[in-house]
Structure formats: structure tokens, C-alpha cells
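Peer 1: One file is attached below, coords_1.txt, containing compact mmCIF, C-alpha atoms.
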```txt
# COMPACT_ATOMS: atom_id res chain seq x y z
CA MET A 1 232.81 110.81 -59.40
CA THR A 2 235.90 108.75 -58.53
CA ILE A 3 238.86 110.60 -57.07
CA ASN A 4 241.95 111.28 -59.18
CA SER A 5 245.44 112.55 -58.36
CA ASN A 6 244.48 116.18 -59.12
CA ASN A 7 241.97 116.12 -56.25
CA ILE A 8 244.53 115.16 -53.59
CA LYS A 9 247.73 116.64 -52.19
CA TRP A 10 250.00 115.29 -49.46
CA PHE A 11 251.77 117.47 -46.90
CA MET A 12 254.28 116.98 -44.11
CA ALA A 13 253.25 118.10 -40.64
CA GLU A 14 255.08 120.97 -38.99
CA PRO A 15 255.10 122.55 -35.51
CA SER A 16 252.38 125.07 -34.77
CA PRO A 17 253.73 128.67 -34.74
CA GLU A 18 252.10 129.33 -31.35
CA VAL A 19 252.39 125.87 -29.75
CA PRO A 20 255.54 124.18 -31.16
CA SER A 21 254.82 120.87 -29.41
CA LEU A 22 251.69 120.47 -31.56
CA LEU A 23 252.08 119.16 -35.10
CA VAL A 24 249.70 120.71 -37.62
CA LEU A 25 249.16 120.83 -41.39
CA GLY A 26 252.36 122.15 -42.94
CA SER A 27 253.22 123.90 -46.19
CA GLN A 28 255.78 121.33 -47.45
CA GLU A 29 254.08 119.35 -50.18
CA ILE A 30 255.09 115.72 -50.70
CA LEU A 31 255.68 115.23 -54.43
CA ASN A 32 255.27 111.74 -55.84
CA TRP A 33 258.18 111.94 -58.23
CA GLU A 34 260.76 113.17 -55.71
CA LYS A 35 263.22 110.70 -54.21
CA ASN A 36 263.16 110.59 -50.40
CA ASN A 37 259.98 112.70 -50.36
CA VAL A 38 259.13 111.37 -46.88
CA TRP A 39 261.91 109.08 -45.70
CA PRO A 40 265.67 109.60 -46.07
CA ASP A 41 267.96 106.75 -47.08
CA VAL A 42 268.81 104.34 -44.28
CA GLU A 43 272.38 105.01 -43.22
CA LYS A 44 274.88 102.20 -42.71
CA GLU A 45 274.99 102.60 -38.93
CA GLU A 46 271.18 102.61 -38.76
CA ARG A 47 271.06 99.34 -40.71
CA LYS A 48 273.57 97.87 -38.31
CA THR A 49 271.80 98.78 -35.05
CA GLY A 50 268.17 98.98 -36.22
CA SER A 51 265.71 101.82 -35.63
CA GLU A 52 262.07 102.88 -35.42
CA SER A 53 260.80 106.34 -36.36
CA SER A 54 257.50 108.05 -37.23
CA LYS A 55 256.43 110.95 -39.44
CA LYS A 56 253.04 112.66 -39.51
CA ILE A 57 251.46 113.04 -42.95
CA TYR A 58 248.37 115.01 -44.02
CA ILE A 59 246.21 113.94 -46.96
CA LYS A 60 244.32 116.97 -48.26
CA VAL A 61 241.37 117.35 -50.63
CA ASN A 62 242.75 119.79 -53.18
CA SER A 63 239.73 121.75 -54.41
CA TYR A 64 238.74 125.40 -54.37
CA ASN A 65 235.12 124.53 -53.62
CA ASN A 66 233.76 122.59 -50.69
CA ALA A 67 233.20 119.23 -52.40
CA ALA A 68 233.25 116.29 -50.00
CA LEU A 69 235.43 113.20 -50.36
CA ILE A 70 233.07 110.40 -49.38
CA CYS A 71 233.90 106.81 -48.48
CA PRO A 72 237.65 107.48 -48.38
CA LYS A 73 240.03 104.55 -47.97
CA VAL A 74 243.72 104.95 -47.05
CA PHE A 75 246.13 102.04 -47.52
CA ILE A 76 249.69 101.07 -48.33
CA GLU A 77 249.48 100.36 -52.05
CA THR A 78 252.98 98.89 -52.36
CA PRO A 79 255.05 97.66 -49.39
CA THR A 80 258.82 98.07 -49.37
CA LEU A 81 260.93 95.52 -51.19
CA GLY A 82 263.82 95.85 -48.75
CA ASP A 83 264.19 94.46 -45.25
CA ASP A 84 262.68 97.54 -43.65
CA CYS A 85 258.92 97.80 -43.03
CA ILE A 86 256.44 100.70 -43.29
CA VAL A 87 253.10 100.69 -41.44
CA PHE A 88 250.82 103.55 -40.43
CA SER A 89 248.43 104.50 -37.65
CA VAL A 90 245.64 107.08 -37.48
CA ALA A 91 246.53 110.63 -36.39
CA THR A 92 244.25 113.36 -35.10
CA LEU A 93 244.48 116.61 -37.02
CA VAL A 94 246.27 118.44 -34.19
CA SER A 95 248.50 116.23 -32.05
CA THR A 96 251.94 115.67 -30.53
CA GLU A 97 254.48 112.94 -31.27
CA LYS A 98 253.23 111.14 -28.16
CA GLU A 99 250.22 110.04 -30.20
CA ALA A 100 252.47 108.00 -32.52
CA CYS A 101 254.20 106.34 -29.57
CA GLU A 102 250.88 105.31 -28.01
CA ALA A 103 249.28 103.94 -31.19
CA LYS A 104 247.79 100.45 -30.86
CA ARG A 105 246.25 99.92 -34.31
CA PHE A 106 248.38 99.81 -37.44
CA TYR A 107 247.66 99.33 -41.14
CA GLY A 108 249.98 97.89 -43.74
CA ALA A 109 250.35 95.56 -46.70
CA GLY A 110 251.68 92.21 -47.79
CA TYR A 111 251.29 89.82 -50.71
CA LEU A 112 249.13 86.84 -51.59
CA HIS A 113 250.90 83.69 -50.39
CA LYS A 114 248.98 81.74 -53.01
CA GLY A 115 246.77 82.79 -55.92
CA LEU A 116 243.00 83.19 -55.82
CA LEU A 117 240.62 81.58 -58.30
CA GLY A 118 237.72 83.83 -57.37
CA ASP A 119 235.55 81.64 -55.15
CA GLU A 120 237.60 81.47 -51.94
CA SER A 121 236.44 82.57 -48.51
CA ILE A 122 239.99 82.44 -47.10
CA VAL A 123 242.85 84.67 -48.28
CA ARG A 124 246.37 83.61 -47.32
CA VAL A 125 248.72 86.59 -46.97
CA GLU A 126 252.47 86.85 -46.50
CA MET A 127 254.06 89.95 -44.96
CA ASP A 128 257.10 91.29 -43.13
CA LYS A 129 257.66 89.78 -39.70
CA GLU A 130 257.22 93.26 -38.22
CA SER A 131 253.70 93.42 -39.71
CA GLY A 132 252.62 90.04 -38.35
CA LYS A 133 251.47 88.39 -35.14
CA ASN A 134 254.48 89.38 -33.01
CA GLY A 135 254.68 92.80 -34.61
CA HIS A 136 252.04 95.35 -35.63
CA GLN A 137 249.28 92.90 -36.63
CA ILE A 138 248.18 94.90 -39.67
CA PHE A 139 245.08 92.76 -40.28
CA ARG A 140 242.25 92.75 -37.72
CA ASP A 141 238.66 91.51 -37.39
CA GLY A 142 236.21 93.48 -39.55
CA ASP A 143 238.90 95.16 -41.66
CA LEU A 144 238.25 96.34 -45.19
CA VAL A 145 240.96 94.69 -47.32
CA ARG A 146 242.18 95.67 -50.77
CA ILE A 147 243.56 93.04 -53.15
CA SER A 148 245.31 94.36 -56.25
CA SER A 149 247.40 93.21 -59.18
CA GLN A 150 247.67 96.79 -60.49
CA SER A 151 251.04 98.50 -60.68
CA MET A 152 249.44 101.63 -59.18
CA VAL A 153 246.01 102.89 -58.11
CA GLY A 154 243.75 103.43 -61.13
CA SER A 155 245.99 101.58 -63.56
CA PRO A 156 244.07 100.13 -66.54
CA ILE A 157 246.33 97.07 -66.34
CA GLY A 158 245.53 94.63 -63.57
CA LYS A 159 242.59 94.28 -61.19
CA GLU A 160 241.57 95.32 -57.70
CA CYS A 161 238.78 94.49 -55.29
CA PHE A 162 237.77 95.47 -51.75
CA VAL A 163 236.39 92.84 -49.38
CA ARG A 164 235.37 92.88 -45.72
CA LEU A 165 236.82 90.45 -43.18
CA ALA A 166 234.64 88.57 -40.74
CA PRO A 167 233.73 90.54 -37.59
CA LYS A 168 235.15 87.81 -35.33
CA ASP A 169 238.06 85.35 -35.57
CA ALA A 170 238.93 86.68 -39.03
CA VAL A 171 242.72 86.41 -38.71
CA LYS A 172 244.53 83.13 -38.12
CA TRP A 173 248.30 83.51 -37.79
CA LEU A 174 249.99 80.44 -39.25
CA PHE A 175 253.75 80.53 -39.00
CA LEU A 176 256.71 82.82 -38.68
CA SER A 177 260.11 82.62 -40.35
CA ALA A 178 263.17 84.72 -39.65
CA LYS A 179 261.83 87.57 -41.79
CA ARG A 180 258.28 86.72 -42.85
CA SER A 181 254.84 86.12 -41.31
CA VAL A 182 251.82 84.37 -42.85
CA ALA A 183 248.12 84.60 -41.97
CA ASP A 184 244.79 83.31 -43.25
CA LEU A 185 242.14 86.03 -43.56
CA LYS A 186 238.52 84.89 -43.34
CA LEU A 187 236.00 86.92 -45.36
CA ALA A 188 232.72 88.11 -43.86
CA GLU A 189 229.60 86.17 -44.73
CA GLY A 190 228.36 87.13 -48.19
CA GLU A 191 231.68 88.63 -49.29
CA LYS A 192 233.06 87.31 -52.58
CA ILE A 193 236.23 87.76 -54.54
CA GLU A 194 234.83 87.85 -58.04
CA ARG A 195 238.15 88.03 -59.84
CA GLN A 196 241.25 85.87 -60.08
CA PHE A 197 244.52 87.08 -58.59
CA TYR A 198 247.95 85.56 -59.03
CA ARG A 199 250.39 84.94 -56.20
CA TRP A 200 252.27 88.07 -55.09
CA SER A 201 249.27 90.31 -55.75
CA LYS A 202 249.21 93.05 -53.09
CA VAL A 203 246.94 92.79 -50.04
CA SER A 204 246.38 95.85 -47.84
CA SER A 205 244.37 96.66 -44.72
CA CYS A 206 242.41 99.91 -45.21
CA TYR A 207 241.83 102.82 -42.87
CA GLU A 208 238.34 104.23 -43.46
CA PRO A 209 238.16 107.85 -42.22
CA ALA A 210 234.94 109.83 -42.13
CA THR A 211 233.94 112.07 -45.05
CA ILE A 212 236.71 114.61 -45.68
CA GLN A 213 235.49 118.19 -46.11
CA ALA A 214 236.36 121.63 -44.77
CA ALA A 215 233.93 122.83 -42.12
CA ILE A 216 233.03 125.80 -39.90
CA SER A 217 231.62 125.36 -36.40
CA GLU A 218 230.87 127.18 -33.14
CA LEU A 219 230.31 130.56 -34.82
CA GLU A 220 229.33 133.12 -32.18
CA VAL A 221 229.66 136.70 -30.96
CA ARG A 222 231.15 137.31 -27.51
CA THR A 223 230.35 140.83 -26.45
CA ALA A 224 232.42 143.10 -24.25
CA ASP A 225 229.71 142.54 -21.63
CA GLN A 226 230.47 138.77 -21.69
CA ASP A 227 227.24 137.86 -23.51
CA ILE A 228 227.54 134.94 -25.96
CA ILE A 229 225.35 135.10 -29.06
CA PRO A 230 225.38 132.07 -31.43
CA LEU A 231 225.41 133.18 -35.07
CA THR A 232 223.38 130.28 -36.39
CA LYS A 233 220.94 132.48 -38.33
CA GLY A 234 221.18 135.74 -40.19
CA PHE A 235 224.94 135.55 -40.85
CA ASP A 236 226.14 134.19 -44.16
CA GLY A 237 229.33 136.21 -44.56
CA LEU A 238 231.79 133.47 -43.55
CA SER A 239 233.04 130.92 -46.07
CA ILE A 240 235.94 128.54 -46.55
CA THR A 241 237.32 126.23 -49.22
CA ASN A 242 238.82 122.78 -49.00
CA TYR A 243 242.06 124.20 -50.35
CA GLY A 244 242.54 127.03 -47.87
CA ALA A 245 240.94 125.90 -44.60
CA ILE A 246 243.16 124.81 -41.71
CA ASP A 247 242.49 123.48 -38.22
CA ASP A 248 242.29 126.39 -35.78
CA ASP A 249 240.12 128.33 -33.35
CA TRP A 250 239.75 131.89 -34.65
CA VAL A 251 239.02 135.15 -32.86
CA ILE A 252 238.28 138.45 -34.62
CA GLU A 253 238.51 141.00 -31.82
CA PHE A 254 237.36 144.58 -32.25
CA THR A 255 239.92 147.13 -31.10
CA GLY A 256 237.47 149.95 -31.90
CA ARG A 257 234.06 150.43 -33.48
CA LYS A 258 235.44 149.70 -36.96
CA SER A 259 238.92 148.24 -36.39
CA PHE A 260 239.76 144.66 -35.51
CA LYS A 261 242.54 142.10 -35.34
CA CYS A 262 242.41 138.41 -36.26
CA SER A 263 244.31 135.60 -34.57
CA GLY A 264 244.21 131.83 -34.26
CA THR A 265 245.03 129.71 -31.24
CA LEU A 266 247.61 127.79 -33.29
CA SER A 267 248.40 130.38 -35.97
CA GLY A 268 248.83 133.47 -33.79
CA LEU A 269 248.11 136.99 -35.09
CA ILE A 270 247.56 136.86 -38.84
CA GLY A 271 246.00 140.21 -39.69
CA ILE A 272 244.41 143.52 -38.73
CA GLY A 273 241.76 145.47 -40.61
CA GLU A 274 238.83 147.84 -40.65
CA LEU A 275 235.19 147.40 -41.56
CA LYS A 276 234.62 148.08 -45.25
CA GLU A 277 231.92 147.48 -47.79
CA ASP A 278 233.97 144.71 -49.38
CA SER A 279 234.83 141.35 -47.86
CA VAL A 280 237.82 141.05 -45.59
CA THR A 281 240.18 138.28 -46.67
CA VAL A 282 242.90 136.74 -44.49
CA PHE A 283 245.59 134.91 -46.44
CA ASN A 284 247.64 131.87 -45.56
CA PRO A 285 251.21 131.21 -46.80
CA VAL A 286 251.81 130.11 -50.38
CA ARG A 287 251.68 126.33 -50.72
CA GLY A 288 254.35 125.31 -53.20
CA THR A 289 253.85 127.20 -56.46
CA ASP A 290 250.12 127.73 -55.94
CA VAL A 291 248.47 131.12 -55.57
CA PHE A 292 247.47 132.55 -52.23
CA CYS A 293 244.30 131.04 -50.84
CA PRO A 294 242.53 132.34 -47.73
CA PHE A 295 242.14 130.44 -44.49
CA PHE A 296 238.63 131.85 -44.65
CA LEU A 297 236.71 134.71 -46.26
CA ILE A 298 234.52 136.87 -44.04
CA LYS A 299 232.29 139.85 -44.66
CA ILE A 300 231.68 141.45 -41.28
CA PRO A 301 228.36 143.27 -41.02
CA TRP A 302 228.29 146.82 -39.68
CA MET A 303 226.05 145.63 -36.86
CA TYR A 304 225.15 142.37 -35.17
CA LYS A 305 221.83 141.19 -33.79
CA ALA A 306 221.23 140.48 -30.09
CA MET A 307 218.18 139.48 -28.08
CA PRO A 308 216.35 142.37 -26.37
CA ALA A 309 217.11 140.75 -23.02
CA PRO A 310 219.18 137.65 -22.20
CA GLY A 311 216.87 134.62 -21.90
CA SER A 312 213.88 136.33 -23.51
CA GLU A 313 211.55 133.45 -24.38
CA VAL A 314 209.71 135.54 -26.98
CA ALA A 315 212.79 136.57 -28.90
CA GLU A 316 214.95 133.47 -28.38
CA GLY A 317 213.50 131.58 -31.33
CA ASN A 318 212.74 134.67 -33.44
CA PRO A 319 215.94 136.39 -34.63
CA GLU A 320 213.82 138.89 -36.57
CA LEU A 321 212.87 140.40 -33.19
CA TRP A 322 216.46 140.82 -32.11
CA LEU A 323 217.99 144.28 -31.85
CA GLU A 324 220.82 145.50 -34.06
CA LYS A 325 223.88 146.69 -32.16
CA GLU A 326 227.08 148.35 -33.27
CA TRP A 327 230.42 146.74 -32.59
CA ARG A 328 232.36 147.97 -29.58
CA LYS A 329 235.92 147.59 -28.41
CA GLY A 330 236.26 144.14 -26.84
CA ASP A 331 233.54 142.50 -28.92
CA VAL A 332 234.66 139.24 -30.52
CA ILE A 333 233.58 137.04 -33.44
CA ALA A 334 234.74 133.50 -32.68
CA PHE A 335 234.58 130.30 -34.73
CA LYS A 336 236.45 127.13 -35.58
CA THR A 337 237.60 125.88 -38.97
CA GLN A 338 238.46 122.32 -39.89
CA SER A 339 240.71 121.44 -42.79
CA ALA A 340 239.69 119.07 -45.58
CA THR A 341 242.27 116.54 -44.46
CA CYS A 342 242.87 113.29 -42.70
CA ALA A 343 246.19 112.54 -41.03
CA ILE A 344 248.30 109.44 -40.47
CA TRP A 345 251.53 108.52 -38.72
CA GLU A 346 253.86 106.61 -41.03
CA LYS A 347 256.21 104.37 -39.07
CA ARG A 348 259.41 102.88 -40.45
CA ILE A 349 260.96 99.86 -38.76
CA VAL A 350 264.54 99.01 -39.71
CA PRO A 351 265.59 95.68 -38.14
CA ALA A 352 269.15 95.35 -36.94
CA ARG A 353 271.61 93.99 -39.50
CA THR A 354 269.36 95.02 -42.42
CA GLY A 355 270.83 94.79 -45.90
CA SER A 356 271.00 97.64 -48.42
CA PHE A 357 268.54 97.77 -51.34
CA LEU A 358 268.89 100.42 -54.06
CA TRP A 359 265.32 100.76 -55.42
CA ASN A 360 263.49 100.46 -52.11
CA ASN A 361 260.31 102.52 -51.74
CA VAL A 362 256.79 102.42 -50.33
CA VAL A 363 253.56 103.76 -51.87
CA VAL A 364 250.74 105.02 -49.63
CA ALA A 365 247.45 105.81 -51.39
CA ILE A 366 243.92 107.09 -50.87
CA THR A 367 240.82 106.49 -52.94
CA GLY A 368 237.19 107.55 -52.65
CA ASN A 369 234.49 109.54 -54.42
CA ILE A 370 234.03 113.28 -54.83
CA GLU A 371 230.48 114.34 -54.01
```
Starting from the file, give its structure as C-alpha cells.
Peer 2:
Amino acid sequence: MTINSNNIKWFMAEPSPEVPSLLVLGSQEILNWEKNNVWPDVEKEERKTGSESSKKIYIKVNSYNNAALICPKVFIETPTLGDDCIVFSVATLVSTEKEACEAKRFYGAGYLHKGLLGDESIVRVEMDKESGKNGHQIFRDGDLVRISSQSMVGSPIGKECFVRLAPKDAVKWLFLSAKRSVADLKLAEGEKIERQFYRWSKVSSCYEPATIQAAISELEVRTADQDIIPLTKGFDGLSITNYGAIDDDWVIEFTGRKSFKCSGTLSGLIGIGELKEDSVTVFNPVRGTDVFCPFFLIKIPWMYKAMPAPGSEVAEGNPELWLEKEWRKGDVIAFKTQSATCAIWEKRIVPARTGSFLWNNVVVAITGNIE
């Protein structure tokens, strides 16, 4: 099933409550129809002197189940019409602004310098000078490239195709003017552009992240006696959704035989509770106008299973032989959750002495398939 806009939400990053230097998934949703939803207007003084700045953006699979977004592709669908330039680099899910400063690979978009009849192996592309050879070099060997004459992703009017560039010597930079750069892109062997595209059709380099899906890992019990017991079998009481999961290392620490507290390395203390027959739910903040949705849902058993003796070869591969033990003060359930997101750093370059343009905007998009 192809992705649609209801499956995806975009969020600004924000400082972690516990480690402010780290930027994590925030609660501020980026709405498509809002003006200046990511970037403010360029002020007169900024246009005069020039500037460079970066903002971290999260792209989130917006589903209450755990469906995977497979073969995702992130790209700039429409470059800016003004003299400024927007490119992006890949961000890790938890990172500092230093990551943006140290980025070496950037993605962006330009336009066909001449039309395509459908049988070419070379695509000539025109782009901002800042995107070209002496700038961010948005096209590289082996890139997946999108060519589109659509006004927006999924539009019934216009065409699009994805083609792969050659793995070596795919980009030949031709010439540079005061504001523009031009390059020839060589397609990989066997790649074909099976449709015709007029000049000024959009050409984008694509970032191809791994499958996007919320995940749980490293689930284990750490006893008060410092034993570590992986909970790989016999424990099915922990679940997450793409919508609610965030990136954090969680600890549920027992403060008594039935009482516990829950905290995350990045989120801090988020709840206390007691063992009950029903599931224990820990909620995250409201996102926009949506209802509460838990970071995770956990049903803690009254007892946990442990091997009769550490290192017992007989019991190690046979959890049914393990002994049931009651929780004690100091016992811990630990695990990690990963959000159903990928993250990018958008970078805006405003050259010195840039002119003003009223309807200037950029469109960043993602496409893929829901499994």
C-alpha cells in the first residue's frame, strides 16, 4: 500500500528534558498549510550579510499499530524560487547541533536544464550555485534520483520516475554562473527513463533510510543482586505503537515488592505505580489536538523467572525450568524503545546581497509503502 499524507506527520526537534544539549523528537507538529512552519522570513539585514542555519526535523509514521514504512525515500520535492537555497543532511535520532555542522553529504533539488524524450542515459540538471560543485554537491555516485513534472507528490497531473545513477563517475560538473550550477548525471547501466519530461521538471537526490518502524530492544531484568536476566522468552506484556513510541532507555525500578517508578534517560521520571491486575500505562504529552498515546504499554507480572543458578547449562536454554521469584526493592526492568521516525537536518543558505521574494517556499517530502 502506497503511503499517503495521513500516514505521516512532521515534527520539530526540541531539547531533551534531562539532557538539554541533545535534540530529540518534539511535540510541535509542522503543519503543511502554515506559513513559516519551519523557516522564518529572511530579514533585510540577513539578506544583506548572508547567513547559514540548520533545523532538525523528524518525519514520523503516524499509525496506532506497528505497520512498517518500507523503502522510504526522502527528497526536496520543490526547491526555493528565491535566491536562498535549502538542502538537507541525515540526522541520527538523538543528536546535538554539532552533527549538522559536521555533515559531509547533502541532498537537494534542481531542474532539468533540457527536456527528456525518454531514451536518454544522461540527465542535465541546473541548480543553485550553493547546491553545485563548489557548494554542497547534492548529486553523488549511486544516488537514487527523482524526476517529476507533478505539482506535488501524488498529484494525478504530471509524471514522476525514480532512476539510479551510475556507481562511478556519475556526475560531471559542467559550468558555473554567478548564481547557477549545471551538471550531467549519468544513469546506471540498465536504467531507463520511460517517460518524457519537459525542461524545468524537478530533479531531486533521494535519501533512502532503512525501514521506519517503532521497536523494542534490550529487554531485561536487573536484580538487586546485580544479576542480569534477558527477557527474550516468557514475557509478552510490553508493547508500543508507531504513534506513541519515542527514543529512550527506560528503567522501571521497584521501590518495594509491589511499588515502582518509571524513568527514561532522556525523559526523566514520568510515573510511579503499583502492581495491579490491569496493565500499567505511561502517557506522553498531547501531540497537537490528538488524544494521549502511551510511550509504551506494559503489564508487569507478579513474579519473574530466573535460572536456578547463574550459568546453569541445563536451565540456560530451558526457561520452563527457571524459578519464579517475587520482585524486591532495587529490582529493575530495563529496555529501549525506538520511535517510528527518521530525522534530517534542513539547512538554509542565504547568500549575501540576496533579493526579496514574496512567495518563496520549499517542499520536503517522503514516499514509500506501508507494510
Peer 1: Record the distance separating CA of Val94 (chain A) and CA of Trp10 (chain A), expressed in Å with one decimal.
Peer 2: 16.0 Å
Peer 1: List as a list in words the protein and nucleic acid residues near Lys55 (chain A), meaning an atom at most 8 Å away when all atoms listed in the file are counted, but skip any in the same chain fewer than 6 places from it.
Peer 2: Met12, Ala13, Val38, Trp345, Glu346 and Lys347 of chain A
Peer 1: Excluding Pro72 (chain A) and its own-chain neighbours fewer than 6 positions away, which residues fall within 10 Å of it when counting only C-alpha atoms? Please give them as a list in words.
Peer 2: Ile3, Cys206, Tyr207, Glu208, Pro209, Ala210, Thr211, Ile212, Cys342, Ile366, Thr367, Gly368, Asn369 and Ile370 of chain A
Peer 1: Could you take the residues named above and write them with C-alpha atoms, as a short mmCIF file (atom, residue, chain, number, x, y, z; two decimals), in the frame of the given file?
Peer 2:
```cif
data_model
loop_
_atom_site.label_atom_id
_atom_site.label_comp_id
_atom_site.auth_asym_id
_atom_site.auth_seq_id
_atom_site.Cartn_x
_atom_site.Cartn_y
_atom_site.Cartn_z
CA ILE A 3 238.86 110.60 -57.07
CA CYS A 206 242.41 99.91 -45.21
CA TYR A 207 241.83 102.82 -42.87
CA GLU A 208 238.34 104.23 -43.46
CA PRO A 209 238.16 107.85 -42.22
CA ALA A 210 234.94 109.83 -42.13
CA THR A 211 233.94 112.07 -45.05
CA ILE A 212 236.71 114.61 -45.68
CA CYS A 342 242.87 113.29 -42.70
CA ILE A 366 243.92 107.09 -50.87
CA THR A 367 240.82 106.49 -52.94
CA GLY A 368 237.19 107.55 -52.65
CA ASN A 369 234.49 109.54 -54.42
CA ILE A 370 234.03 113.28 -54.83
#
```
Peer 1: Just the residues within 8 Å of Ala100 (chain A), please, counting all atoms listed in the file, with nothing from its chain fewer than 3 positions along; format it as a PyMOL selection string.
Peer 2: chain A and resi 54+89+91+96-97+103+345
Peer 1: Within 7 Å of (244.0, 139.7, -33.1), in the coordinates the file gives, what residues turn up when you count only C-alpha atoms, written out as number ranges by chain?
Peer 2: A: 251-253, 260-263, 269, 271-272
Peer 1: Just the selected residues (C-alpha atoms), exported as a tab-separated table (two decimals), keeping the file's coordinate frame, please.
Peer 2:
```tsv
chain	number	residue	atom	x	y	z
A	251	VAL	CA	239.02	135.15	-32.86
A	252	ILE	CA	238.28	138.45	-34.62
A	253	GLU	CA	238.51	141.00	-31.82
A	260	PHE	CA	239.76	144.66	-35.51
A	261	LYS	CA	242.54	142.10	-35.34
A	262	CYS	CA	242.41	138.41	-36.26
A	263	SER	CA	244.31	135.60	-34.57
A	269	LEU	CA	248.11	136.99	-35.09
A	271	GLY	CA	246.00	140.21	-39.69
A	272	ILE	CA	244.41	143.52	-38.73
```
Peer 1: Could you tell me how far CA of Val332 (chain A) lies from CA of Thr92 (chain A), in Å and to one decimal?
Peer 2: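 Computing the Euclidean distance for CA of Val332 (chain A) and CA of Thr92 (chain A) yields 28.0 Å.
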Peer 1: Env of Gly154 (chain A): 12 Å cut, atoms = all atoms listed in the file, seq-sep filter 2 positions within chain, self excluded. Answer as number ranges by chain.
Peer 2: A: 2-5, 77, 148-152, 156-161, 365-368
Peer 1: Considering only C-alpha atoms, return as a VMD selection string whatever protein or nucleic-acid residues lie within 9 Å of Thr49 (chain A), sequence-local ones (same chain, fewer than 4 positions apart) excluded.
Peer 2: chain A and resid 44 to 45 350 to 354
Peer 1: What is the CA of Pro79 (chain A) to CA of Phe175 (chain A) distance in Å?
Peer 2: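 Taking CA of Pro79 (chain A) and CA of Phe175 (chain A), their separation equals 20.1 Å.
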Peer 1: For a quick check of understanding, using all atoms listed in the file, which of A:Gly82, A:Pro167, A:Gly108, A:Pro40 has the smallest distance to Met127 (chain A)?
Peer 2: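 Among the listed residues, the smallest separation from Met127 (chain A) belongs to A:Gly108.
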Peer 1: Can you take region 113-131 of chain A from the block and write N, CA and C atoms as a short mmCIF file (atom, residue, chain, number, x, y, z; two decimals), in the first residue's frame?
Peer 2:
```cif
data_model
loop_
_atom_site.label_atom_id
_atom_site.label_comp_id
_atom_site.auth_asym_id
_atom_site.auth_seq_id
_atom_site.Cartn_x
_atom_site.Cartn_y
_atom_site.Cartn_z
N HIS A 113 17.77 20.95 -17.14
CA HIS A 113 18.31 22.03 -17.97
C HIS A 113 17.80 21.92 -19.40
N LYS A 114 17.47 20.71 -19.80
CA LYS A 114 16.81 20.50 -21.08
C LYS A 114 15.88 19.30 -20.94
N GLY A 115 14.84 19.24 -21.79
CA GLY A 115 13.83 18.20 -21.67
C GLY A 115 14.37 16.82 -22.00
N LEU A 116 13.59 15.80 -21.60
CA LEU A 116 13.96 14.41 -21.84
C LEU A 116 12.91 13.77 -22.73
N LEU A 117 13.36 13.04 -23.74
CA LEU A 117 12.45 12.36 -24.66
C LEU A 117 12.11 10.95 -24.20
N GLY A 118 12.87 10.43 -23.25
CA GLY A 118 12.54 9.13 -22.70
C GLY A 118 13.55 8.04 -22.99
N ASP A 119 14.58 8.33 -23.78
CA ASP A 119 15.56 7.29 -24.10
C ASP A 119 16.99 7.71 -23.74
N GLU A 120 17.13 8.78 -22.96
CA GLU A 120 18.46 9.29 -22.63
C GLU A 120 19.12 8.49 -21.51
N SER A 121 20.43 8.49 -21.52
CA SER A 121 21.21 7.91 -20.42
C SER A 121 21.91 9.00 -19.62
N ILE A 122 21.79 10.25 -20.10
CA ILE A 122 22.37 11.41 -19.42
C ILE A 122 21.26 12.41 -19.12
N VAL A 123 21.23 12.89 -17.88
CA VAL A 123 20.24 13.90 -17.46
C VAL A 123 21.00 15.16 -17.09
N ARG A 124 20.71 16.25 -17.78
CA ARG A 124 21.38 17.52 -17.48
C ARG A 124 20.50 18.34 -16.51
N VAL A 125 21.11 18.72 -15.38
CA VAL A 125 20.36 19.36 -14.30
C VAL A 125 20.97 20.72 -13.97
N GLU A 126 20.10 21.68 -13.72
CA GLU A 126 20.50 23.01 -13.30
C GLU A 126 20.05 23.23 -11.87
N MET A 127 20.89 23.88 -11.06
CA MET A 127 20.58 24.06 -9.64
C MET A 127 21.22 25.34 -9.11
N ASP A 128 20.88 25.70 -7.87
CA ASP A 128 21.55 26.82 -7.22
C ASP A 128 23.05 26.58 -7.16
N LYS A 129 23.82 27.67 -7.21
CA LYS A 129 25.27 27.55 -7.10
C LYS A 129 25.67 26.86 -5.80
N GLU A 130 24.92 27.12 -4.73
CA GLU A 130 25.23 26.53 -3.42
C GLU A 130 25.01 25.02 -3.41
N SER A 131 24.23 24.50 -4.35
CA SER A 131 23.98 23.06 -4.43
C SER A 131 24.98 22.33 -5.31
#
```
